[in-house]
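Asks: Have a look at the structure that comes next, please.
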Amino acid sequence: MAPSLAQSPPPPSQEQQQRIERLDAELKDSTAAQTRLATEMAALEGDRAKLNEALLDTAIRVRDTEAKLDTSEQRLLQLSREAADIKESLDARRAVLAEVLGGLVRLGRRPPPALMVRPDDALQSIRSAMLLGAVLPELKAETDLLASELAAQERVRQDSARERDALAELKLSLADERARTAALIDEKKKSLQEGEAALTEEKTRAAALAAEAGNVRELMERMETEVSATRKAAQDAAQTEAGQGAGGGPADRLAALQNPGRLAPGVPFEDAKGLLRLPVGGASLKAFGADDGYGGQEKGLSLATRVEAQVASPSDGWVVYAGPFRSYGQLLIINAGGGYHILLAGMDKITVELGQFVLSGEPVGVMGRGPQLVSSAGLGTAQPILYVEFRKDGNSIDPTPWWATSESEKVRG
């Protein structure tokens, strides 16, 4: 009988088998993580205070992980520079070492004559001895330095390997926390979906007003009189402000701002000075009042951030605008009460809705992969840039007094 043409495939190699097992394990871990996350969301459903608390706690972990990533990346960059310096130093002395070693090899092939055997070569013997006396200490010093730098090179290599491993773990952790944040935001949006049709109309009206408004002041004035969700937010802010008494001491104010179940600002915005955290981690590029490059002064603060960094609300307040606006790109305006508004611009995505009450430290947006603001062209960086502006009764004010100066004073988030 003729043999069958169909043949069974060869068994996978050991390397292929290990790769398959690793992929299976990762898939199982991912499935388990998704199941765990779904269970957690189900447990939080309908419990606004617990949902807010989980969202704020996750936002803190995302912020901390982003900061650790910055530190790890800077450490890796420093190690890379150190390795380059060591290599440059070794390369620079390569010619010197080769010359000294070559001289020793030549000297070994033609050793100096003995003084007692050939007295006529006494001068050559003395010169050879002098050469050895001069060369050997130099060679020893070079050898010691070489050994030291080779040891330093190995240390840097090991440190770099450890730092890369730590960086990979941090990136995985950040991805997990971002997934959790997205799930929590979606869960919170579900509770805000009542009256979705009306909200859609409000968003359309807000977009039309933004297209017509010439500047931010005009946009805010028209929004608070012509868009009901924004008007209601302004009214709620005014009522809350009227009902709030003295803020008490810093500890009392901080405690009031840490209640995750609140539906209005924990303290008047004026009394929150020294308690608020910056909305995103990053380096300050331009501060309030700095030269804007056009003969004027900066009206806000510009921060260089990580790619896709999380943006949190600096304070409690109501969202009165969320969407694109002229040179601001994606613009978020929060009514903090008492005539105060906070503007955040330069984000790639806004994750809160018009009329929504947000807590200090609550995620409200995500940065992109590069600058989104038209005005960021002259700041000399390819990093994403978040623009932060505080306004009082329509006029820009210095936000510096509101930022916390120590860890113990920072509102969660």
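Going by the structure tokens order, chains are called A, B, ..., each with residues numbered from 1, while ligands are numbered from 1 in the order shown.
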Which residues are near Ile342 in chain A? Cut-off 8 Å, only C-alpha atoms, ignore same chain within fewer than 4 positions. Put them as a PyMOL selection string.
Replies: chain A and resi 333-336+388-391
Asks: Tell me, as a PyMOL selection string, which residues lie within 8 Å of range 260-276 of chain A, counting only C-alpha atoms; anything in the same chain fewer than 6 positions away does not count.
Replies: chain A and resi 48-50+52-53+237+240-241+244+247+253-254+314-317+336-338+340+357+359-360+401-405+409-411
Asks: Return as a VMD selection string the full set of residues in range 187-313 of chain A whose backbone-based DSSP assignment is helix (DSSP H, G or I).
Replies: chain A and resid 187 to 190 196 to 212 216 to 226 228 to 243 250 to 256 269 to 272
Asks: Quote the spacing between CA of Leu77 in chain A and CA of Val156 in chain A in Å to one decimal place.
Replies: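 Distance between the two atoms: 11.4 Å.
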Asks: Using only C-alpha atoms, find each residue of range 325-354 of chain A with at least one atom at most 12 Å away from an atom of range 210-214 of chain A; report its shortest atom-to-atom pair and that distance in Å (one decimal), sort the rows by chain and rising residue number, and return the result as a Markdown table.
Replies:
| residue | atom | partner | partner_atom | distance |
| --- | --- | --- | --- | --- |
| A:Phe325 | CA | A:Ala210 | CA | 6.2 |
| A:Arg326 | CA | A:Ala211 | CA | 8.1 |
| A:Ser327 | CA | A:Gly214 | CA | 11.1 |
| A:Tyr328 | CA | A:Ala210 | CA | 11.5 |
| A:Gly329 | CA | A:Ala210 | CA | 11.7 |
| A:Gln330 | CA | A:Ala210 | CA | 11.6 |
| A:Leu331 | CA | A:Ala210 | CA | 10.5 |
Asks: Which residues come within 12 Å of Asp165 in chain A, counting only C-alpha atoms, excluding same-chain residues fewer than 4 positions away, as a list of chain:residue names?
Replies: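 Skipping anything fewer than 4 positions along the chain leaves A:Leu69, A:Ser72, A:Glu73, A:Leu76, A:Gln158, A:Asp159, A:Ser160, A:Ala161, A:Glu169, A:Leu170, A:Lys171, A:Leu172.
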Asks: Next, write the just-selected residues to a file, as a tab-separated table (two decimals), in the first residue's frame, keeping all heavy atoms as the atom set.
Replies:
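Output saved as part.tsv:
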chain	number	residue	atom	x	y	z
A	69	LEU	N	7.97	56.20	37.42
A	69	LEU	CA	8.45	55.98	36.06
A	69	LEU	C	9.39	57.10	35.64
A	69	LEU	O	10.44	56.85	35.03
A	69	LEU	CB	7.26	55.92	35.10
A	69	LEU	CG	6.63	54.54	34.89
A	69	LEU	CD1	5.32	54.68	34.13
A	69	LEU	CD2	7.57	53.60	34.16
A	72	SER	N	12.66	56.48	37.42
A	72	SER	CA	13.36	55.32	36.86
A	72	SER	C	13.96	55.66	35.50
A	72	SER	O	15.10	55.28	35.20
A	72	SER	CB	12.38	54.14	36.73
A	72	SER	OG	13.04	53.00	36.23
A	73	GLU	N	13.22	56.38	34.68
A	73	GLU	CA	13.73	56.76	33.36
A	73	GLU	C	14.92	57.70	33.47
A	73	GLU	O	15.89	57.59	32.71
A	73	GLU	CB	12.61	57.39	32.53
A	73	GLU	CG	11.59	56.38	32.05
A	73	GLU	CD	10.35	57.01	31.46
A	73	GLU	OE1	10.18	58.24	31.60
A	73	GLU	OE2	9.54	56.28	30.87
A	76	LEU	N	17.88	55.61	34.53
A	76	LEU	CA	18.39	54.85	33.40
A	76	LEU	C	19.18	55.75	32.45
A	76	LEU	O	20.23	55.34	31.93
A	76	LEU	CB	17.22	54.20	32.65
A	76	LEU	CG	17.53	53.00	31.76
A	76	LEU	CD1	18.28	51.92	32.53
A	76	LEU	CD2	16.26	52.43	31.18
A	158	GLN	N	25.04	46.10	35.34
A	158	GLN	CA	24.10	45.40	36.22
A	158	GLN	C	23.00	46.33	36.72
A	158	GLN	O	21.83	45.96	36.78
A	158	GLN	CB	24.86	44.78	37.40
A	158	GLN	CG	25.80	43.65	36.98
A	158	GLN	CD	26.56	43.07	38.17
A	158	GLN	OE1	26.39	43.52	39.30
A	158	GLN	NE2	27.40	42.07	37.92
A	159	ASP	N	23.40	47.57	37.11
A	159	ASP	CA	22.41	48.55	37.57
A	159	ASP	C	21.41	48.87	36.46
A	159	ASP	O	20.20	49.00	36.71
A	159	ASP	CB	23.09	49.84	38.03
A	159	ASP	CG	23.82	49.68	39.35
A	159	ASP	OD1	23.63	48.62	39.99
A	159	ASP	OD2	24.57	50.59	39.74
A	160	SER	N	21.90	48.99	35.23
A	160	SER	CA	21.03	49.29	34.11
A	160	SER	C	20.04	48.15	33.87
A	160	SER	O	18.85	48.39	33.59
A	160	SER	CB	21.85	49.53	32.83
A	160	SER	OG	22.69	50.66	32.98
A	161	ALA	N	20.52	46.92	33.99
A	161	ALA	CA	19.63	45.76	33.80
A	161	ALA	C	18.54	45.74	34.86
A	161	ALA	O	17.36	45.51	34.56
A	161	ALA	CB	20.44	44.46	33.85
A	169	GLU	N	8.28	46.59	35.05
A	169	GLU	CA	7.26	46.29	36.05
A	169	GLU	C	6.37	47.50	36.31
A	169	GLU	O	5.14	47.38	36.46
A	169	GLU	CB	7.91	45.83	37.34
A	169	GLU	CG	8.57	44.45	37.25
A	169	GLU	CD	9.20	44.03	38.57
A	169	GLU	OE1	8.98	44.73	39.57
A	169	GLU	OE2	9.89	43.00	38.59
A	170	LEU	N	6.98	48.69	36.36
A	170	LEU	CA	6.21	49.91	36.58
A	170	LEU	C	5.25	50.17	35.43
A	170	LEU	O	4.11	50.60	35.63
A	170	LEU	CB	7.16	51.10	36.75
A	170	LEU	CG	7.86	51.22	38.11
A	170	LEU	CD1	8.95	52.29	38.06
A	170	LEU	CD2	6.86	51.56	39.21
A	171	LYS	N	5.70	49.90	34.21
A	171	LYS	CA	4.84	50.11	33.05
A	171	LYS	C	3.64	49.16	33.08
A	171	LYS	O	2.52	49.55	32.74
A	171	LYS	CB	5.63	49.94	31.76
A	171	LYS	CG	6.58	51.11	31.47
A	171	LYS	CD	7.35	50.91	30.18
A	171	LYS	CE	8.23	52.12	29.88
A	171	LYS	NZ	9.02	51.95	28.64
A	172	LEU	N	3.88	47.92	33.49
A	172	LEU	CA	2.77	46.96	33.63
A	172	LEU	C	1.80	47.42	34.71
A	172	LEU	O	0.58	47.36	34.53
A	172	LEU	CB	3.32	45.58	33.96
A	172	LEU	CG	3.98	44.81	32.81
A	172	LEU	CD1	4.60	43.51	33.33
A	172	LEU	CD2	2.95	44.49	31.72
Asks: Which one is closest to Ala175 in chain A: A:Val62, A:Val358, A:Ile350, A:Ala290? Count only C-alpha atoms.
Replies: A:Val62
Asks: Neighbours of range 364-377 of chain A within 10 Å (only C-alpha atoms; same-chain residues fewer than 6 positions away dropped), as a VMD selection string?
Replies: chain A and resid 185 279 to 280 285 292 302 304 to 314 319 322 326 to 332 344 to 353 358 383 to 387
Asks: Next, write the just-selected residues to a file, as a compact mmCIF listing (two decimals), in the first residue's frame, keeping N, CA and C atoms as the atom set.
Replies:
# COMPACT_ATOMS: atom_id res chain seq x y z
N ILE A 185 -14.31 55.11 35.80
CA ILE A 185 -14.92 56.27 35.14
C ILE A 185 -16.18 55.84 34.39
N PRO A 279 -2.64 69.43 39.04
CA PRO A 279 -3.48 68.44 38.36
C PRO A 279 -2.71 67.32 37.69
N VAL A 280 -1.42 67.50 37.48
CA VAL A 280 -0.61 66.48 36.81
C VAL A 280 0.84 66.65 37.25
N LEU A 285 7.10 74.79 32.86
CA LEU A 285 7.76 75.45 31.74
C LEU A 285 7.64 76.97 31.82
N ASP A 292 5.35 86.23 28.15
CA ASP A 292 4.72 85.29 27.23
C ASP A 292 5.35 85.29 25.84
N SER A 302 2.12 76.55 32.71
CA SER A 302 2.31 75.51 31.69
C SER A 302 3.20 74.42 32.25
N ALA A 304 5.00 70.59 31.57
CA ALA A 304 5.38 69.50 30.67
C ALA A 304 5.08 68.19 31.37
N THR A 305 4.36 67.28 30.73
CA THR A 305 3.90 66.05 31.39
C THR A 305 4.43 64.81 30.68
N ARG A 306 4.17 63.68 31.27
CA ARG A 306 4.45 62.41 30.62
C ARG A 306 3.46 62.20 29.47
N VAL A 307 3.86 61.36 28.53
CA VAL A 307 2.95 60.95 27.47
C VAL A 307 1.75 60.22 28.10
N GLU A 308 0.55 60.59 27.70
CA GLU A 308 -0.70 59.98 28.17
C GLU A 308 -0.84 60.03 29.70
N ALA A 309 -0.31 61.09 30.29
CA ALA A 309 -0.43 61.26 31.75
C ALA A 309 -1.88 61.51 32.15
N GLN A 310 -2.22 61.06 33.35
CA GLN A 310 -3.54 61.31 33.90
C GLN A 310 -3.63 62.75 34.40
N VAL A 311 -4.77 63.40 34.14
CA VAL A 311 -5.01 64.76 34.63
C VAL A 311 -6.15 64.71 35.64
N ALA A 312 -5.94 65.32 36.80
CA ALA A 312 -6.95 65.31 37.86
C ALA A 312 -7.44 66.73 38.12
N SER A 313 -8.66 66.83 38.61
CA SER A 313 -9.19 68.14 38.98
C SER A 313 -8.45 68.66 40.21
N PRO A 314 -7.95 69.89 40.17
CA PRO A 314 -7.25 70.42 41.36
C PRO A 314 -8.19 70.58 42.55
N VAL A 319 -18.40 70.93 36.30
CA VAL A 319 -17.90 71.08 34.94
C VAL A 319 -18.88 71.97 34.17
N ALA A 322 -16.65 71.41 28.52
CA ALA A 322 -15.74 70.31 28.22
C ALA A 322 -15.77 70.05 26.73
N ARG A 326 -11.05 76.96 20.25
CA ARG A 326 -10.06 77.79 19.59
C ARG A 326 -8.63 77.27 19.80
N SER A 327 -7.71 78.16 20.21
CA SER A 327 -6.30 77.77 20.35
C SER A 327 -6.03 76.94 21.59
N TYR A 328 -7.06 76.76 22.46
CA TYR A 328 -6.87 75.99 23.69
C TYR A 328 -6.89 74.49 23.44
N GLY A 329 -7.33 74.05 22.28
CA GLY A 329 -7.48 72.61 22.05
C GLY A 329 -8.64 72.09 22.89
N GLN A 330 -8.46 70.93 23.52
CA GLN A 330 -9.47 70.41 24.44
C GLN A 330 -9.44 71.23 25.72
N LEU A 331 -10.55 71.89 26.01
CA LEU A 331 -10.62 72.80 27.16
C LEU A 331 -11.64 72.30 28.18
N LEU A 332 -11.23 72.29 29.44
CA LEU A 332 -12.13 71.94 30.54
C LEU A 332 -12.21 73.14 31.48
N LEU A 344 -8.39 74.07 32.37
CA LEU A 344 -7.37 73.08 32.05
C LEU A 344 -7.40 72.86 30.54
N ALA A 345 -6.27 73.03 29.87
CA ALA A 345 -6.23 72.90 28.42
C ALA A 345 -4.99 72.13 27.98
N GLY A 346 -5.08 71.53 26.79
CA GLY A 346 -3.94 70.79 26.24
C GLY A 346 -4.09 69.29 26.34
N MET A 347 -5.23 68.81 26.85
CA MET A 347 -5.46 67.37 26.99
C MET A 347 -5.84 66.76 25.64
N ASP A 348 -5.62 65.48 25.52
CA ASP A 348 -6.04 64.74 24.33
C ASP A 348 -7.48 64.26 24.48
N LYS A 349 -7.87 63.98 25.73
CA LYS A 349 -9.22 63.44 25.98
C LYS A 349 -9.72 63.93 27.32
N ILE A 350 -11.00 64.33 27.36
CA ILE A 350 -11.67 64.73 28.60
C ILE A 350 -12.62 63.61 29.00
N THR A 351 -12.60 63.21 30.27
CA THR A 351 -13.36 62.04 30.70
C THR A 351 -14.52 62.38 31.62
N VAL A 352 -14.88 63.66 31.73
CA VAL A 352 -16.03 64.06 32.55
C VAL A 352 -17.04 64.77 31.67
N GLU A 353 -18.26 64.93 32.20
CA GLU A 353 -19.37 65.45 31.40
C GLU A 353 -19.80 66.85 31.85
N VAL A 358 -17.27 67.30 40.21
CA VAL A 358 -16.04 66.52 40.34
C VAL A 358 -15.35 66.84 41.66
N GLN A 383 7.22 67.28 24.60
CA GLN A 383 6.35 66.63 25.58
C GLN A 383 4.95 67.22 25.52
N PRO A 384 3.94 66.48 25.98
CA PRO A 384 2.60 67.06 26.14
C PRO A 384 2.67 68.21 27.15
N ILE A 385 1.84 69.22 26.95
CA ILE A 385 1.85 70.40 27.82
C ILE A 385 0.44 70.67 28.32
N LEU A 386 0.28 70.73 29.64
CA LEU A 386 -1.00 71.08 30.25
C LEU A 386 -0.96 72.54 30.68
N TYR A 387 -1.98 73.28 30.27
CA TYR A 387 -2.10 74.68 30.66
C TYR A 387 -3.14 74.79 31.76
Asks: According to DSSP computed on the backbone, where in range 136-311 of chain A is there strand (DSSP E or B)? Give the residues as number ranges by chain.
Replies: A: 276, 283-286, 291, 297, 301-304, 310-311
Asks: Counting only C-alpha atoms, figure out which residue out of A:Val216, A:Ala141, A:Ala182, A:Leu303 gets nearest to Ala54 in chain A.
Replies: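 Checking each candidate against Ala54 in chain A, we get A:Ala182 as the closest.
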Asks: Which residue out of A:Thr181, A:Asn259, A:Glu163, A:Val227 has the minimum interatomic distance to Gln74 in chain A when only C-alpha atoms are used?
Replies: A:Glu163
